[in-house]
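Visitor: Have a look at this one before I ask anything.
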Amino acid sequence: MLYREAGQYKSNYASDMAVFPLREDRIGLGVMLAIALVAIPFLGNDFFIASVMIPFLVFSLAAIGLNILTGYTGLISLGTAAFMGVGAYSCYKLTTFFPHVNIIVLILVSGLFSAGIGVLFGLPSLRIKGFYLAVATLAAQFFLQWAFVRVPWLFNYNASGAIEVPQRTLFGLPITGAAATAETRYFVCLGLVVVMTWFASNLVHGRLGRSWMAVRDMDIAAELMGIKLLNAKLGAFAVSSYFAGVAGAMMIFFWYGGGEAADVFSIRLSFNILFMVIIGGLGSLIGSFFGAAFLSVLPTALKFGLPALGVPLTGATAEHVTFMLVGALIILFLIVEPHGLARLWQIGKQKLRTWPFPY
Amino acid sequence: MKTSNLMKGAALGALLASAAAIVPAAAQETIYFSNNAYRTGPFSGSGIPIGDGMRDYITMINERDGGVNGVKIVYEECETGYDTKKSIECYEQVKSKTIVYSPWSTGATLAAIPRAHVDKLPILSMAYGLSASADGTNFPWVFIPPLTYWDGASLMVKHMAAELGGLDKLKGKKLGLIHLDAPFGKEPIPVLESLAKKYGFELKLYPVAAADMQNQGSLWLSIRRDRPDFLYNQGWGAMNPTAVKEAVKNNFPISKLVGVWWAGGDDDARAGGPEAKGYKSLNFNAAGQNFPVIQDILKFVVEKGKSTTPKEKVGENLYNRGVYNSMLVVEAIRTAQKLTGKKVINPEDMRRGLESLNVDEARLKEIGMAGFASPVKISCADHSGHHKAYVAEWDGTKWTQKGEWIEPMKDEVRPLIEANAKDYVEKAGNWPKRAESCEKSS
């Protein structure tokens, strides 16, 4: 009733090809941004912002990165965490070399290093496909994680082997380091994620995105149509790793605030992000957000939210219950809708269009 | 009808009155202490006895003494699964409530150190964490009693010297270091390297990647080839029982294998079977039930069904280490109460209490821990104390004390700690200068 396109006429190509052709969708997006920008920072407490929202934003960005590779181009990667690590370590090195350059600039630049490494490890994708490629990217995961531990130059020869995040400011306000408040870090993360999502949306709707999808659907046909596989596949690896690298740098600088980074970027994280993409929905940007929310926000909300609501669950029991609930929900969602939460969202919108008189 | 209403009213009134009576009791003065525990995940084998020991000691203090000077301690666990991400969540969750943060993992400690200095929350990382944080001048909010990993490495060298008959006999010997290939495992390397240079022994490194903790076959091939005279094991979790098993399998003389204190779990040694007899580990707390404090825990907690530990597990090495950690917390609360004159203390008071902590022989005896641990004293500049430890030996069924309590090489370790702390502070940039004044007593 409220949500329908009746009466919305498209009088030019631009409005016909818009990403959000429906006025209601555009309003919805505006409301969501308003909630993220105003409601959450003003209503949420420190714990919610620092331990729920910031991880959610970081994982969303990483999931978008992997979705570009796996969802849009059809190349499976198990090296996402390693590419995130490249971003984190290069940002750390960059800020050591150029302490006066703004940290946001450095985070965006560190993604380029990650993109370079991603292209290098993406080279096998020109010859191999499917599970074999997954194994090749697994090599990236193991090699890079090994390098994070074994190359002391990467962590500035610290005796503890850990990255220490120095304090950096934006407009005189500390945005990294311990003195930065949760709200400031949240706003910086939100800004980066919004801008990069917009960028990703333009990419996947543009020429490059279409060539990725053509390669995904049938690479021989795509080649016959004149799409250069080399450019398309390596481009996907580069863009995907760029997003992962920025997410990794954000993870260490805005969320963890330093620590044993090599341990963080482990194979477990790679799998976690792959699951986010699969559960959220392959080949969907909004799905990346859904997947990140499902696998990052839900466990925290269950573990700390249930006791806060008065359910007497503490310590290890809460952890076990969280494991079981999240596991059961994953199975449930995959049975109900194998195409992920994004597909459920789409179905919901479709139903809403014809409500209350479905035909 | 009327009477029943009257009855109801009376009952309600009585209920309200009793509720009112309960309220002051519920609002009784308490101190909240949250501990990071890991009863799930790959390290739970070590995490469960430690968590049990910590909880049981606090419960015992509450049950036997009615708390510390009449103030009960509300003890809660935050489950981390030994995962840094979850530990950070726990930190964020408890930072405004707990009087001290107890990270229970080196990764969690490293992530918490910068935050704690801003949030003004003391960290008690008992013999783990950042060795450099023993420098109280630069790290006023971090405490690492009774000793650091660097002290442990120097103790290992002292132990070798004792076995061989003097520090001069070390020349030309070979010491192998099996270590987890992560910051925790690499901690002893700088000290061992500098001591190797000084005393002329050779240091061989055998790193174990976290993914290969249970798969050390190739590493032990190199050990067989190199034939080190001694092996020091800086391992944790599943890595330790595997190392003991492999040593037995490869016919390495088990008495020459010495673990850091975290490699001294009962289950670690048990894995080697009867041949593991003679496996050694550094230790700073005694194992066993023959201490008044453990007897009190049995009497007031375990036998009353208030513990999750089976009775025979009480007194195992890691359990007792949990007890020791809680003892430090309780004694620091007591010290803080004495310093401030307050009964319910806040984190800033707790920091002062930790900094003036002085548990001497007499005090150990009073709390039923004579012979259980060496005295601990923390001062304003020295947040560790670099206290004595001893070499424990596995006799096939339990850990026993072998030899004397030995002093670490403080003169070797301390300059390294101070240099490292300076380095850390410089790299961090904008590190807050210590504003907290020292107590007169320390």
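Residue numbers start at 1 in each chain; chains themselves are named A, B, ... in the order of the structure tokens; ligands are numbered from 1 in the order shown.
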Output the contact residues of chain A with respect to chain B at a cut-off of 7 Å, based on only C-alpha atoms, as a VMD selection string.
Guide: chain A and resid 47 51 149 159 to 162 164 to 167 178 to 179 256 to 260 315 to 316 319
Visitor: Separation of CA of Gly130 in chain A and CA of Asp219 in chain A, in Å?
Guide: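 Going from CA of Gly130 in chain A over to CA of Asp219 in chain A, I get 12.5 Å.
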Visitor: B:Trp150, B:Thr400, B:Val330, B:Lys245: which is nearest Ala271 in chain B, counting only C-alpha atoms?
Guide: B:Lys245
Visitor: Distance CA of Val297 in chain A-CA of Ile35 in chain A, one decimal place?
Guide: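 If I compute the distance from CA of Val297 in chain A to CA of Ile35 in chain A, I get 16.6 Å.
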Visitor: Which residues come within 10 Å of Val323 in chain B, counting only C-alpha atoms, excluding same-chain residues fewer than 5 positions away, as a ChimeraX atom specification?
Guide: /B:49-58,285,293-294,297,315,317-318,328-329
Visitor: Any chance you can output those residues with N, CA and C atoms as a PDB file, in the first residue's frame?
Guide:
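Output contents, as saved in again-v9.pdb:
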```pdb
ATOM      1  N   PRO B  49      40.871 -25.040  34.650  1.00  0.00           N
ATOM      2  CA  PRO B  49      41.423 -25.078  36.014  1.00  0.00           C
ATOM      3  C   PRO B  49      41.790 -23.697  36.548  1.00  0.00           C
ATOM      4  N   ILE B  50      42.288 -22.820  35.675  1.00  0.00           N
ATOM      5  CA  ILE B  50      42.659 -21.473  36.138  1.00  0.00           C
ATOM      6  C   ILE B  50      41.410 -20.723  36.602  1.00  0.00           C
ATOM      7  N   GLY B  51      40.368 -20.765  35.775  1.00  0.00           N
ATOM      8  CA  GLY B  51      39.130 -20.070  36.124  1.00  0.00           C
ATOM      9  C   GLY B  51      38.538 -20.616  37.408  1.00  0.00           C
ATOM     10  N   ASP B  52      38.580 -21.955  37.556  1.00  0.00           N
ATOM     11  CA  ASP B  52      38.043 -22.563  38.772  1.00  0.00           C
ATOM     12  C   ASP B  52      38.815 -22.102  39.996  1.00  0.00           C
ATOM     13  N   GLY B  53      40.136 -22.084  39.886  1.00  0.00           N
ATOM     14  CA  GLY B  53      40.962 -21.665  41.018  1.00  0.00           C
ATOM     15  C   GLY B  53      40.660 -20.231  41.411  1.00  0.00           C
ATOM     16  N   MET B  54      40.522 -19.370  40.401  1.00  0.00           N
ATOM     17  CA  MET B  54      40.261 -17.965  40.704  1.00  0.00           C
ATOM     18  C   MET B  54      38.915 -17.800  41.386  1.00  0.00           C
ATOM     19  N   ARG B  55      37.916 -18.470  40.826  1.00  0.00           N
ATOM     20  CA  ARG B  55      36.573 -18.312  41.383  1.00  0.00           C
ATOM     21  C   ARG B  55      36.479 -18.898  42.791  1.00  0.00           C
ATOM     22  N   ASP B  56      37.081 -20.084  42.977  1.00  0.00           N
ATOM     23  CA  ASP B  56      36.941 -20.752  44.265  1.00  0.00           C
ATOM     24  C   ASP B  56      37.602 -19.963  45.379  1.00  0.00           C
ATOM     25  N   TYR B  57      38.742 -19.323  45.098  1.00  0.00           N
ATOM     26  CA  TYR B  57      39.393 -18.553  46.164  1.00  0.00           C
ATOM     27  C   TYR B  57      38.515 -17.372  46.583  1.00  0.00           C
ATOM     28  N   ILE B  58      37.953 -16.676  45.573  1.00  0.00           N
ATOM     29  CA  ILE B  58      37.091 -15.524  45.888  1.00  0.00           C
ATOM     30  C   ILE B  58      35.858 -16.009  46.656  1.00  0.00           C
ATOM     31  N   ASN B 285      54.156 -21.063  42.010  1.00  0.00           N
ATOM     32  CA  ASN B 285      53.196 -21.437  43.047  1.00  0.00           C
ATOM     33  C   ASN B 285      53.332 -22.944  43.262  1.00  0.00           C
ATOM     34  N   VAL B 293      45.213 -22.900  52.903  1.00  0.00           N
ATOM     35  CA  VAL B 293      44.306 -22.165  52.021  1.00  0.00           C
ATOM     36  C   VAL B 293      43.514 -23.126  51.141  1.00  0.00           C
ATOM     37  N   ILE B 294      44.176 -24.160  50.644  1.00  0.00           N
ATOM     38  CA  ILE B 294      43.473 -25.119  49.791  1.00  0.00           C
ATOM     39  C   ILE B 294      42.489 -25.934  50.638  1.00  0.00           C
ATOM     40  N   ILE B 297      39.485 -23.919  51.003  1.00  0.00           N
ATOM     41  CA  ILE B 297      38.672 -23.933  49.787  1.00  0.00           C
ATOM     42  C   ILE B 297      37.865 -25.224  49.736  1.00  0.00           C
ATOM     43  N   GLY B 315      43.932 -28.301  43.652  1.00  0.00           N
ATOM     44  CA  GLY B 315      45.333 -28.460  44.021  1.00  0.00           C
ATOM     45  C   GLY B 315      46.218 -28.795  42.839  1.00  0.00           C
ATOM     46  N   ASN B 317      48.294 -27.923  39.465  1.00  0.00           N
ATOM     47  CA  ASN B 317      49.185 -26.778  39.345  1.00  0.00           C
ATOM     48  C   ASN B 317      48.473 -25.522  38.830  1.00  0.00           C
ATOM     49  N   LEU B 318      47.727 -25.654  37.729  1.00  0.00           N
ATOM     50  CA  LEU B 318      47.090 -24.469  37.154  1.00  0.00           C
ATOM     51  C   LEU B 318      45.941 -23.982  38.028  1.00  0.00           C
ATOM     52  N   LEU B 328      46.352 -12.385  44.911  1.00  0.00           N
ATOM     53  CA  LEU B 328      46.933 -11.064  44.631  1.00  0.00           C
ATOM     54  C   LEU B 328      45.835 -10.007  44.586  1.00  0.00           C
ATOM     55  N   VAL B 329      44.705 -10.339  43.945  1.00  0.00           N
ATOM     56  CA  VAL B 329      43.603  -9.378  43.839  1.00  0.00           C
ATOM     57  C   VAL B 329      43.083  -9.033  45.226  1.00  0.00           C
TER      58      VAL B 329
END
```
Visitor: Which residues come within 10 Å of Glu361 in chain B, counting only C-alpha atoms, excluding same-chain residues fewer than 4 positions away, as a list in words?
Guide: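 Neighbouring residues, sequence-local ones excluded: Lys365, Glu366, Met369, Ala370, Gly371, Ala373, Ser374, Pro375 and Val376 of chain B.
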